[in-house]
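Pasted below: data.txt, compact mmCIF, C-alpha atoms.
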# COMPACT_ATOMS: atom_id res chain seq x y z
CA MET A 1 -89.18 -87.31 86.83
CA SER A 2 -86.68 -87.44 89.71
CA GLU A 3 -89.53 -87.25 92.23
CA LEU A 4 -91.33 -90.13 90.53
CA ALA A 5 -88.15 -92.19 90.49
CA THR A 6 -87.52 -91.76 94.20
CA SER A 7 -91.10 -92.12 95.46
CA PRO A 8 -92.20 -95.49 96.85
CA ALA A 9 -94.20 -97.77 94.66
CA ILE A 10 -97.98 -97.62 94.83
CA GLY A 11 -99.26 -100.02 97.55
CA ASP A 12 -95.87 -100.19 99.26
CA GLU A 13 -96.75 -98.57 102.61
CA ASN A 14 -93.50 -99.63 104.31
CA PRO A 15 -90.50 -98.46 102.31
CA VAL A 16 -88.14 -100.43 104.52
CA SER A 17 -87.28 -103.73 102.92
CA SER A 18 -88.69 -106.76 104.70
CA ALA A 19 -85.33 -108.43 104.27
CA SER A 20 -83.79 -105.99 106.75
CA ALA A 21 -86.38 -106.77 109.51
CA PRO A 22 -84.94 -108.83 112.38
CA ALA A 23 -85.87 -112.50 112.16
CA GLU A 24 -87.78 -114.04 115.05
CA PRO A 25 -85.66 -116.46 117.12
CA ALA A 26 -86.37 -120.10 116.45
CA PRO A 27 -88.22 -121.87 119.29
CA LYS A 28 -85.86 -123.70 121.60
CA GLN A 29 -85.92 -127.44 121.03
CA LEU A 30 -86.24 -129.47 124.21
CA SER A 31 -84.35 -132.70 124.70
CA GLN A 32 -86.28 -135.90 125.31
CA TRP A 33 -85.84 -135.59 129.08
CA GLY A 34 -86.74 -131.91 128.83
CA GLU A 35 -90.03 -132.78 127.14
CA ILE A 36 -90.76 -135.41 129.78
CA ARG A 37 -90.06 -132.92 132.55
CA HIS A 38 -92.21 -130.29 130.84
CA ARG A 39 -95.15 -132.68 130.49
CA TYR A 40 -94.75 -133.77 134.11
CA VAL A 41 -94.85 -130.27 135.60
CA GLN A 42 -98.01 -129.53 133.59
CA ASN A 43 -99.79 -132.07 135.78
CA LYS A 44 -100.51 -130.14 138.97
CA LEU A 45 -101.45 -133.21 140.98
CA ALA A 46 -98.17 -134.84 139.97
CA VAL A 47 -96.28 -131.83 141.32
CA VAL A 48 -98.27 -132.03 144.56
CA GLY A 49 -97.43 -135.73 144.79
CA LEU A 50 -93.74 -135.00 144.25
CA PHE A 51 -93.88 -132.42 147.04
CA ILE A 52 -95.53 -134.96 149.38
CA ILE A 53 -92.95 -137.65 148.62
CA SER A 54 -90.07 -135.19 149.03
CA ALA A 55 -91.45 -134.15 152.42
CA LEU A 56 -91.74 -137.80 153.44
CA PHE A 57 -88.15 -138.51 152.38
CA LEU A 58 -86.87 -135.53 154.35
CA THR A 59 -88.93 -136.60 157.35
CA ALA A 60 -87.54 -140.13 157.15
CA VAL A 61 -83.94 -138.90 156.86
CA PHE A 62 -84.06 -136.09 159.42
CA GLY A 63 -86.71 -137.58 161.70
CA ASP A 64 -84.45 -137.59 164.76
CA MET A 65 -83.99 -133.84 164.40
CA LEU A 66 -87.69 -133.14 163.77
CA ALA A 67 -89.18 -135.26 166.56
CA PRO A 68 -89.65 -133.17 169.73
CA PHE A 69 -89.57 -136.27 171.98
CA ASP A 70 -88.10 -139.74 172.04
CA PRO A 71 -90.75 -141.87 170.24
CA SER A 72 -90.23 -144.72 172.71
CA ALA A 73 -90.08 -142.65 175.90
CA GLN A 74 -93.01 -143.34 178.25
CA ASP A 75 -94.66 -140.80 180.54
CA LEU A 76 -97.16 -142.72 182.63
CA GLU A 77 -98.29 -139.51 184.33
CA ASN A 78 -99.41 -138.05 180.99
CA THR A 79 -101.26 -140.86 179.26
CA LEU A 80 -104.00 -140.32 176.68
CA SER A 81 -103.39 -136.58 176.64
CA SER A 82 -105.35 -134.80 173.92
CA PRO A 83 -103.42 -132.69 171.37
CA ASP A 84 -102.11 -129.48 172.89
CA GLY A 85 -99.21 -127.05 172.59
CA THR A 86 -96.72 -129.54 174.07
CA HIS A 87 -97.88 -132.76 172.44
CA TRP A 88 -99.19 -131.61 169.05
CA MET A 89 -100.93 -134.91 168.30
CA GLY A 90 -101.48 -136.09 171.85
CA THR A 91 -100.03 -139.06 173.70
CA ASP A 92 -100.93 -142.74 173.64
CA ALA A 93 -101.90 -145.12 176.45
CA LEU A 94 -98.27 -145.25 177.63
CA GLY A 95 -97.71 -141.52 177.49
CA ARG A 96 -95.59 -141.62 174.32
CA ASP A 97 -95.73 -138.58 172.05
CA MET A 98 -97.82 -139.41 168.98
CA PHE A 99 -96.20 -136.84 166.71
CA SER A 100 -92.72 -138.23 167.41
CA ARG A 101 -93.94 -141.78 166.84
CA LEU A 102 -95.59 -140.84 163.54
CA ILE A 103 -92.34 -139.28 162.35
CA ALA A 104 -90.46 -142.45 163.33
CA GLY A 105 -93.12 -144.51 161.55
CA THR A 106 -92.43 -142.55 158.35
CA ARG A 107 -88.90 -143.97 158.28
CA VAL A 108 -90.19 -147.53 158.68
CA ALA A 109 -92.88 -147.10 156.03
CA MET A 110 -90.55 -145.54 153.45
CA PHE A 111 -87.80 -148.08 154.01
CA VAL A 112 -90.04 -151.13 153.84
CA GLY A 113 -92.06 -149.78 150.90
CA LEU A 114 -89.06 -148.84 148.77
CA ALA A 115 -86.96 -151.88 149.69
CA SER A 116 -89.71 -154.37 148.90
CA ILE A 117 -90.45 -152.70 145.55
CA PHE A 118 -86.73 -152.58 144.71
CA PHE A 119 -86.33 -156.34 145.19
CA ALA A 120 -89.63 -157.07 143.43
CA VAL A 121 -88.52 -155.02 140.41
CA LEU A 122 -85.07 -156.63 140.47
CA ILE A 123 -86.51 -160.14 140.35
CA GLY A 124 -89.32 -159.27 137.96
CA VAL A 125 -87.08 -157.47 135.45
CA ALA A 126 -84.57 -160.33 135.36
CA LEU A 127 -87.19 -163.05 134.85
CA GLY A 128 -89.40 -160.93 132.60
CA ALA A 129 -86.46 -160.16 130.31
CA ILE A 130 -85.64 -163.85 130.01
CA ALA A 131 -89.27 -164.76 129.28
CA GLY A 132 -89.84 -161.96 126.77
CA TYR A 133 -86.63 -162.19 124.76
CA PHE A 134 -85.80 -165.89 124.70
CA ALA A 135 -89.46 -167.09 124.59
CA GLY A 136 -90.04 -170.80 124.11
CA PHE A 137 -89.45 -173.00 127.14
CA ALA A 138 -88.01 -170.13 129.21
CA ASP A 139 -91.12 -168.05 128.63
CA THR A 140 -93.44 -170.91 129.56
CA LEU A 141 -91.49 -171.78 132.71
CA VAL A 142 -91.26 -168.20 134.02
CA MET A 143 -94.90 -167.40 133.31
CA ARG A 144 -96.16 -170.56 135.00
CA ILE A 145 -94.10 -169.76 138.10
CA ALA A 146 -95.52 -166.23 137.99
CA ASP A 147 -99.04 -167.66 137.80
CA VAL A 148 -98.40 -169.62 140.99
CA PHE A 149 -97.42 -166.45 142.88
CA LEU A 150 -100.27 -164.45 141.38
CA ALA A 151 -102.71 -167.10 142.58
CA PHE A 152 -101.86 -166.28 146.21
CA PRO A 153 -103.41 -163.11 147.65
CA LEU A 154 -100.62 -160.78 148.72
CA MET A 155 -101.64 -160.46 152.35
CA ILE A 156 -102.27 -164.17 152.90
CA GLY A 157 -98.95 -165.15 151.34
CA ALA A 158 -97.09 -162.50 153.34
CA VAL A 159 -98.71 -163.62 156.60
CA VAL A 160 -97.71 -167.24 155.94
CA ILE A 161 -94.06 -166.30 155.33
CA ILE A 162 -93.92 -164.03 158.39
CA LEU A 163 -95.49 -166.69 160.62
CA VAL A 164 -92.76 -169.10 159.50
CA THR A 165 -89.80 -166.72 159.71
CA GLY A 166 -90.97 -164.50 162.57
CA ARG A 167 -91.97 -160.85 162.80
CA GLY A 168 -89.57 -158.12 161.80
CA ILE A 169 -88.76 -155.56 159.14
CA THR A 170 -86.64 -157.95 157.04
CA PRO A 171 -89.34 -160.69 156.84
CA VAL A 172 -91.92 -158.06 155.85
CA VAL A 173 -89.68 -156.75 153.05
CA ILE A 174 -88.97 -160.26 151.76
CA SER A 175 -92.59 -161.41 151.89
CA LEU A 176 -93.91 -158.34 150.07
CA ALA A 177 -91.20 -158.59 147.41
CA ILE A 178 -91.84 -162.29 146.80
CA PHE A 179 -95.52 -161.72 146.10
CA SER A 180 -95.02 -158.59 143.94
CA TRP A 181 -92.42 -159.62 141.34
CA ALA A 182 -94.83 -161.64 139.19
CA THR A 183 -96.74 -158.55 138.03
CA VAL A 184 -93.46 -156.81 137.14
CA ALA A 185 -92.34 -159.82 135.12
CA ARG A 186 -95.60 -159.93 133.17
CA LEU A 187 -95.50 -156.20 132.40
CA LEU A 188 -91.92 -156.35 131.18
CA ARG A 189 -92.52 -159.48 129.13
CA SER A 190 -95.41 -157.80 127.30
CA SER A 191 -93.28 -154.75 126.51
CA ILE A 192 -90.33 -156.84 125.32
CA LEU A 193 -92.51 -158.91 122.99
CA SER A 194 -93.29 -155.75 121.03
CA VAL A 195 -89.89 -154.07 121.30
CA ARG A 196 -87.86 -157.09 120.19
CA GLU A 197 -89.44 -156.90 116.71
CA MET A 198 -88.20 -153.35 116.11
CA ASP A 199 -85.74 -152.69 113.28
CA TYR A 200 -82.93 -151.50 115.55
CA VAL A 201 -83.05 -154.79 117.46
CA HIS A 202 -82.71 -156.79 114.24
CA ALA A 203 -79.90 -154.49 113.15
CA ALA A 204 -78.01 -155.10 116.40
CA LYS A 205 -78.36 -158.85 115.91
CA ALA A 206 -77.16 -158.56 112.31
CA LEU A 207 -74.04 -156.73 113.51
CA GLY A 208 -73.18 -159.66 115.74
CA ALA A 209 -74.35 -158.39 119.16
CA SER A 210 -74.93 -161.17 121.68
CA GLY A 211 -78.37 -161.86 123.07
CA TRP A 212 -77.57 -160.46 126.51
CA ARG A 213 -76.08 -157.31 124.97
CA VAL A 214 -79.18 -156.77 122.85
CA VAL A 215 -81.40 -157.17 125.92
CA ARG A 216 -79.26 -154.93 128.13
CA THR A 217 -78.52 -152.18 125.60
CA HIS A 218 -81.51 -152.02 123.27
CA ILE A 219 -84.54 -153.84 124.68
CA LEU A 220 -84.61 -153.10 128.41
CA PRO A 221 -84.17 -149.30 128.16
CA ASN A 222 -87.16 -149.15 125.78
CA SER A 223 -89.35 -151.53 127.78
CA LEU A 224 -89.11 -150.24 131.34
CA THR A 225 -91.70 -147.44 131.14
CA ALA A 226 -94.60 -149.61 132.29
CA VAL A 227 -92.45 -151.14 135.06
CA LEU A 228 -91.38 -147.71 136.33
CA VAL A 229 -94.97 -146.48 136.50
CA TYR A 230 -96.15 -149.69 138.18
CA ALA A 231 -93.33 -149.52 140.74
CA THR A 232 -94.20 -145.93 141.64
CA PHE A 233 -97.87 -146.75 142.08
CA ASN A 234 -97.10 -149.90 144.04
CA VAL A 235 -94.90 -148.22 146.64
CA GLY A 236 -98.06 -146.76 148.12
CA THR A 237 -99.79 -150.13 147.94
CA THR A 238 -96.86 -151.76 149.70
CA ILE A 239 -96.93 -149.16 152.48
CA VAL A 240 -100.59 -149.99 153.01
CA GLY A 241 -99.59 -153.67 153.10
CA VAL A 242 -96.98 -152.98 155.79
CA ALA A 243 -99.53 -151.13 157.91
CA ALA A 244 -102.12 -153.87 157.37
CA LEU A 245 -99.70 -156.62 158.40
CA SER A 246 -98.78 -154.76 161.57
CA PHE A 247 -102.44 -154.05 162.29
CA LEU A 248 -103.16 -157.79 162.04
CA GLY A 249 -100.27 -158.61 164.36
CA ALA A 250 -98.05 -160.11 161.65
CA GLY A 251 -95.86 -157.17 160.69
CA VAL A 252 -93.09 -155.39 162.53
CA PRO A 253 -92.86 -155.93 166.33
CA VAL A 254 -95.34 -154.00 168.44
CA ASP A 255 -92.61 -152.01 170.18
CA VAL A 256 -91.51 -150.47 166.85
CA PRO A 257 -93.18 -147.11 166.13
CA GLU A 258 -95.04 -147.95 162.93
CA TRP A 259 -98.33 -146.65 161.54
CA GLY A 260 -100.07 -150.04 161.55
CA ASN A 261 -99.05 -150.69 165.14
CA MET A 262 -100.44 -147.29 166.13
CA LEU A 263 -103.71 -148.03 164.34
CA ALA A 264 -103.98 -151.36 166.15
CA ALA A 265 -103.37 -149.66 169.50
CA GLY A 266 -105.86 -146.90 168.72
CA GLN A 267 -108.77 -149.12 167.69
CA ALA A 268 -109.65 -149.70 171.34
CA PHE A 269 -110.24 -145.95 171.74
CA ILE A 270 -112.51 -145.36 168.75
CA GLY A 271 -115.18 -142.89 169.79
CA VAL A 272 -113.21 -141.95 172.93
CA GLU A 273 -109.76 -140.71 171.91
CA ASP A 274 -110.14 -140.65 168.12
CA TYR A 275 -106.85 -138.86 167.52
CA LEU A 276 -105.07 -142.15 168.29
CA TRP A 277 -106.29 -143.65 165.01
CA VAL A 278 -107.12 -140.55 162.93
CA PHE A 279 -103.56 -139.22 162.69
CA PRO A 280 -101.94 -142.57 161.65
CA SER A 281 -104.73 -143.05 159.11
CA LEU A 282 -104.08 -139.59 157.66
CA PHE A 283 -100.37 -140.34 157.30
CA VAL A 284 -101.15 -143.55 155.40
CA VAL A 285 -103.72 -141.88 153.14
CA VAL A 286 -101.52 -138.88 152.30
CA THR A 287 -98.53 -141.13 151.56
CA VAL A 288 -100.54 -143.38 149.23
CA LEU A 289 -102.02 -140.35 147.45
CA GLY A 290 -98.54 -138.86 146.99
CA PHE A 291 -97.19 -141.94 145.24
CA ALA A 292 -100.41 -142.33 143.22
CA PHE A 293 -100.15 -138.73 141.95
CA VAL A 294 -96.50 -139.18 141.02
CA GLY A 295 -97.21 -142.47 139.24
CA ASP A 296 -100.05 -140.90 137.29
CA GLY A 297 -97.81 -137.99 136.30
CA LEU A 298 -95.01 -140.31 135.20
CA ARG A 299 -97.43 -142.33 133.09
CA ASP A 300 -98.63 -139.24 131.25
CA ALA A 301 -95.14 -137.76 130.90
CA LEU A 302 -93.47 -140.92 129.61
CA ASP A 303 -96.30 -141.86 127.26
CA PRO A 304 -98.50 -138.81 126.44
CA LYS A 305 -100.68 -140.97 124.17
CA LEU A 306 -102.25 -142.42 127.33
CA ARG A 307 -103.64 -139.05 128.42

Is it possible to give me this structure as structure tokens?
Amino acid sequence: MSELATSPAIGDENPVSSASAPAEPAPKQLSQWGEIRHRYVQNKLAVVGLFIISALFLTAVFGDMLAPFDPSAQDLENTLSSPDGTHWMGTDALGRDMFSRLIAGTRVAMFVGLASIFFAVLIGVALGAIAGYFAGFADTLVMRIADVFLAFPLMIGAVVIILVTGRGITPVVISLAIFSWATVARLLRSSILSVREMDYVHAAKALGASGWRVVRTHILPNSLTAVLVYATFNVGTTIVGVAALSFLGAGVPVDVPEWGNMLAAGQAFIGVEDYLWVFPSLFVVVTVLGFAFVGDGLRDALDPKLR
């Protein structure tokens, strides 16, 4: 009887109570930003784009230390030298080192691209917020002004402004920003029209929050996703615009080391000294791809429903 009492029950192969088994640790909950970061790093092209942009930023900041020669120094005894161990990307028609000039051009491209997008977003967010939240006459007025700017092709409008104000980095930044804000305003207005009907917005109004406080605290933070993605994509487009303006003779002055200026100088040597236009073209293409990959990754990370 004692043996029967102490023996395990039939079918109970593990006499150890399941209650004494160690519980598995609960999965770690990621914060909202943690989830966004996790989704972003899953996109391999987005990581590659981030690496490209980081390298461009470092090149723009530390270009003076990276360039082996003065980008403006001329060596008339060593003109049109093909790439070799001394001049890695050759020299131009004035004997200037192409690699050093391309590094200097990175600073110009990054500054003009980011500055023009910054001012375009600043103007577009302000006017888009007014149009989307207050609606009525304000909405009609802002959208009709935006239609006027959207009717002008970017390059033609920029060329007209630069021809009036003169060539230079500042006129290029201003012209590109002026003809880019309208798209930002339309994107933000569309987002605000849906966000402003949310329950938390009505609750804030019921508690006595002013219109500007509601826009600044509740509506804008939840409406800027599309603007952020557009701005990231459009930095690359703006850099192409800078190079195109300089190529057409309406951008930065010809003595400034800039990718478009180098392309314009190299077009006379197509089929003869192709490195003069191939290397600037590669810098433009890689830069645009980097910002496109990052923008695509941000779009998927911020709104995974779009994937």

Worksheet item: Got a sec to check which residues sit within 12 Å of (-96.4, -152.2, 146.6), counting all atoms listed in the file, and write them as a ChimeraX atom specification?
Response: /A:109-110,112-121,154-155,172-173,175-181,183-184,229-243,288,291-292

Practice prompt. Give the answer as one residue: which of A:Thr140, A:Ser100, A:Ser194, A:Asn222 has the shortest atom-to-atom distance to Trp259 (chain A), using only C-alpha atoms?
Written response: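 Among the listed residues, A:Ser100 lies closest to Trp259 (chain A).
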
Worksheet entry | Two-atom distance - CA of Thr170 (chain A), CA of Gly251 (chain A) (Å) |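 Atom-to-atom, CA of Thr170 (chain A) and CA of Gly251 (chain A) are spaced 9.9 Å apart.
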
Fill in: Nearest residue to Ser191 (chain A) from the set A:Tyr133, A:Phe99, A:Tyr275, A:Tyr40 (distances using only C-alpha atoms)
A:Tyr133

Worksheet item: Any idea what the distance is between CA of Asp75 (chain A) and CA of Asp97 (chain A)?
Response: 8.8 Å

Item to complete: Could you check which of A:Thr225, A:Thr91, A:Thr106, A:Gln42 is closest to Ala73 (chain A), using only C-alpha atoms?
Response: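 Checking each of A:Thr225, A:Thr91, A:Thr106, A:Gln42 against Ala73 (chain A), counting only C-alpha atoms, the winner is A:Thr91.
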
Worksheet item: Closest to Glu197 (chain A) among A:Gly132, A:Pro253, A:Pro153, A:Gly260, using all atoms listed in the file?
Response: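 Result for the nearest residue to Glu197 (chain A): A:Gly132.
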
Worksheet item: For Ala268 (chain A), which residue among A:Ile130, A:Ala93, A:Gly157, A:Asp255 is the nearest when counting only C-alpha atoms?
Response: A:Ala93

Response to the item:
What separates CA of Val108 (chain A) and CA of Glu258 (chain A) is a distance of 6.5 Å

Practice prompt. Find the residues around Val214 (chain A) up to 12 Å (all atoms listed in the file counted), leave out those fewer than 2 positions away in its own chain, and share them as a PyMOL selection string.
Written response: chain A and resi 129-130+133-134+192+195-198+200-212+216-222

Mind dumping the selected residues with C-alpha atoms as a PDB file, keeping the file's coordinate frame?
ATOM      1  CA  ALA A 129     -86.460-160.160 130.310  1.00  0.00           C
ATOM      2  CA  ILE A 130     -85.640-163.850 130.010  1.00  0.00           C
ATOM      3  CA  TYR A 133     -86.630-162.190 124.760  1.00  0.00           C
ATOM      4  CA  PHE A 134     -85.800-165.890 124.700  1.00  0.00           C
ATOM      5  CA  ILE A 192     -90.330-156.840 125.320  1.00  0.00           C
ATOM      6  CA  VAL A 195     -89.890-154.070 121.300  1.00  0.00           C
ATOM      7  CA  ARG A 196     -87.860-157.090 120.190  1.00  0.00           C
ATOM      8  CA  GLU A 197     -89.440-156.900 116.710  1.00  0.00           C
ATOM      9  CA  MET A 198     -88.200-153.350 116.110  1.00  0.00           C
ATOM     10  CA  TYR A 200     -82.930-151.500 115.550  1.00  0.00           C
ATOM     11  CA  VAL A 201     -83.050-154.790 117.460  1.00  0.00           C
ATOM     12  CA  HIS A 202     -82.710-156.790 114.240  1.00  0.00           C
ATOM     13  CA  ALA A 203     -79.900-154.490 113.150  1.00  0.00           C
ATOM     14  CA  ALA A 204     -78.010-155.100 116.400  1.00  0.00           C
ATOM     15  CA  LYS A 205     -78.360-158.850 115.910  1.00  0.00           C
ATOM     16  CA  ALA A 206     -77.160-158.560 112.310  1.00  0.00           C
ATOM     17  CA  LEU A 207     -74.040-156.730 113.510  1.00  0.00           C
ATOM     18  CA  GLY A 208     -73.180-159.660 115.740  1.00  0.00           C
ATOM     19  CA  ALA A 209     -74.350-158.390 119.160  1.00  0.00           C
ATOM     20  CA  SER A 210     -74.930-161.170 121.680  1.00  0.00           C
ATOM     21  CA  GLY A 211     -78.370-161.860 123.070  1.00  0.00           C
ATOM     22  CA  TRP A 212     -77.570-160.460 126.510  1.00  0.00           C
ATOM     23  CA  ARG A 216     -79.260-154.930 128.130  1.00  0.00           C
ATOM     24  CA  THR A 217     -78.520-152.180 125.600  1.00  0.00           C
ATOM     25  CA  HIS A 218     -81.510-152.020 123.270  1.00  0.00           C
ATOM     26  CA  ILE A 219     -84.540-153.840 124.680  1.00  0.00           C
ATOM     27  CA  LEU A 220     -84.610-153.100 128.410  1.00  0.00           C
ATOM     28  CA  PRO A 221     -84.170-149.300 128.160  1.00  0.00           C
ATOM     29  CA  ASN A 222     -87.160-149.150 125.780  1.00  0.00           C
TER      30      ASN A 222
END

Discussion item. Could you check the closest approach to Asn43 (chain A) for each of A:Leu282, A:Ala301, A:Leu102, A:Leu58 and tell me which residue wins, using all atoms listed in the file?
Written reply: A:Ala301

Item to complete: Considering only C-alpha atoms, return as a list in words whatever protein or nucleic-acid residues lie within 7 Å of Val252 (chain A), sequence-local ones (same chain, fewer than 3 positions apart) excluded.
Response: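 Answer for this query is Arg167, Gly168, Ile169, Ser246 and Val256 of chain A.
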